[in-house]
Amino acid sequence: MPGQVVDYLPEEQLGEVRNLGEFAGMLVVDKWTCNSNGRQAVFHRKPREKRYAATFVDQGYCFHAGEWCFQDAPLRGVYGRNRVYTDVTGWSSFEPWLGRVENLEADIVWQIAETVPPIWYGGDMRDMERLVVALLARQGQVREWIVQFRESTREPFPKWVEMGTGVGEGRLGERKRVENKW
């Protein structure tokens, strides 16, 4: 076997994952795209490595699965175990991912949408247009959804030290015009 791949790690090993900070980045993506499933990851290491790395899998429930709508809830799109979030100390823990989502140019999102096979959205361009427009409108709301998760009964960020909600600190005040490119 060239290495080892597992879908579960005991709590003590979970804290030693090499790229543990990337769970915060996936939380940003999952909140932006409204992943209605729990975040899934597999852990892998090469034969002589002691620590695992996480790879994030199964984005099939983004946009509320096949519904292509957004029904946000604080615990949607989060990993099932808080240990992956214990090193989050504030908004800086979500960078560079949060800044990239908040500042992603509309033209880039439209270009990506143009590469989606029509069979994925039933061939009706209006559905894809609605999805892209909604995604662009959501760019400035990701912080709000992270705050909702932070304030949930799960208490996922025990080391959070930054003051304020962060809401309004991103791209919210500088809305870019969302153009229909199709």
# chains A, B, ... in the order shown; residues from 1 in each chain; ligands from 1
call {"tool": "residues_around", "arguments": {"residues": "segment 18-25 of chain A", "least_positions_apart": "6", "cutoff": "7 Å", "atoms": "only C-alpha atoms", "output": "PyMOL selection string"}}
result
chain A and resi 51-54+84-85+93-94+97
call {"tool": "write_last_selection", "arguments": {"atoms": "C-alpha atoms", "output": "tab-separated table (two decimals), in the first residue's frame"}}
result
chain	number	residue	atom	x	y	z
A	51	ARG	CA	0.68	13.13	10.38
A	52	TYR	CA	-2.35	13.00	8.12
A	53	ALA	CA	-3.60	15.68	5.76
A	54	ALA	CA	-7.28	16.29	5.05
A	84	VAL	CA	-11.10	20.93	13.61
A	85	TYR	CA	-12.16	24.48	14.57
A	93	SER	CA	-8.26	32.30	10.68
A	94	PHE	CA	-10.58	32.36	7.67
A	97	TRP	CA	-10.48	32.07	1.73
call {"tool": "closest_atom_pairs", "arguments": {"of": "segment 1-79 of chain A", "to": "segment 117-131 of chain A", "cutoff": "9 Å", "atoms": "only C-alpha atoms", "output": "JSON lines"}}
result
{"residue": "A:Phe63", "atom": "CA", "partner": "A:Leu131", "partner_atom": "CA", "distance": 8.2}
{"residue": "A:Gly66", "atom": "CA", "partner": "A:Tyr121", "partner_atom": "CA", "distance": 8.8}
{"residue": "A:Trp68", "atom": "CA", "partner": "A:Leu131", "partner_atom": "CA", "distance": 6.8}
{"residue": "A:Cys69", "atom": "CA", "partner": "A:Leu131", "partner_atom": "CA", "distance": 7.6}
call {"tool": "closest_residue", "arguments": {"among": "A:Met26, A:Ile108, A:Leu136, A:Leu75", "to": "Val57 of chain A", "atoms": "only C-alpha atoms"}}
result
A:Met26
call {"tool": "atom_distance", "arguments": {"atom1": "atom CA of Arg76 of chain A", "atom2": "atom CA of Glu151 of chain A"}}
result
13.7 Å
call {"tool": "select_by_dssp", "arguments": {"residues": "segment 16-179 of chain A", "states": "strand (DSSP E or B)", "output": "JSON, numbers by chain"}}
result
{"A": [39, 40, 41, 42, 43, 44, 45, 53, 54, 55, 56, 57, 79]}
call {"tool": "write_last_selection", "arguments": {"atoms": "C-alpha atoms", "output": "CSV table (one decimal), in the first residue's frame"}}
result
chain,number,residue,atom,x,y,z
A,39,ARG,CA,-18.6,18.7,5.7
A,40,GLN,CA,-16.9,15.5,4.7
A,41,ALA,CA,-13.2,14.9,4.6
A,42,VAL,CA,-10.8,12.0,4.1
A,43,PHE,CA,-7.4,11.8,5.8
A,44,HIS,CA,-4.3,10.5,4.1
A,45,ARG,CA,-0.6,10.1,4.7
A,53,ALA,CA,-3.6,15.7,5.8
A,54,ALA,CA,-7.3,16.3,5.0
A,55,THR,CA,-8.8,16.3,1.6
A,56,PHE,CA,-12.4,17.7,1.4
A,57,VAL,CA,-14.8,15.6,-0.6
A,79,TYR,CA,-17.6,19.3,10.0
call {"tool": "closest_residue", "arguments": {"among": "A:Val88, A:Cys62, A:Val17, A:Leu98", "to": "Gln139 of chain A", "atoms": "only C-alpha atoms"}}
result
A:Leu98
call {"tool": "closest_residue", "arguments": {"among": "A:Trp91, A:Trp110, A:Trp160, A:Tyr61", "to": "Lys31 of chain A", "atoms": "only C-alpha atoms"}}
result
A:Tyr61
call {"tool": "closest_residue", "arguments": {"among": "A:Thr33, A:Gly38, A:Glu144, A:Asp87", "to": "Val132 of chain A", "atoms": "only C-alpha atoms"}}
result
A:Thr33
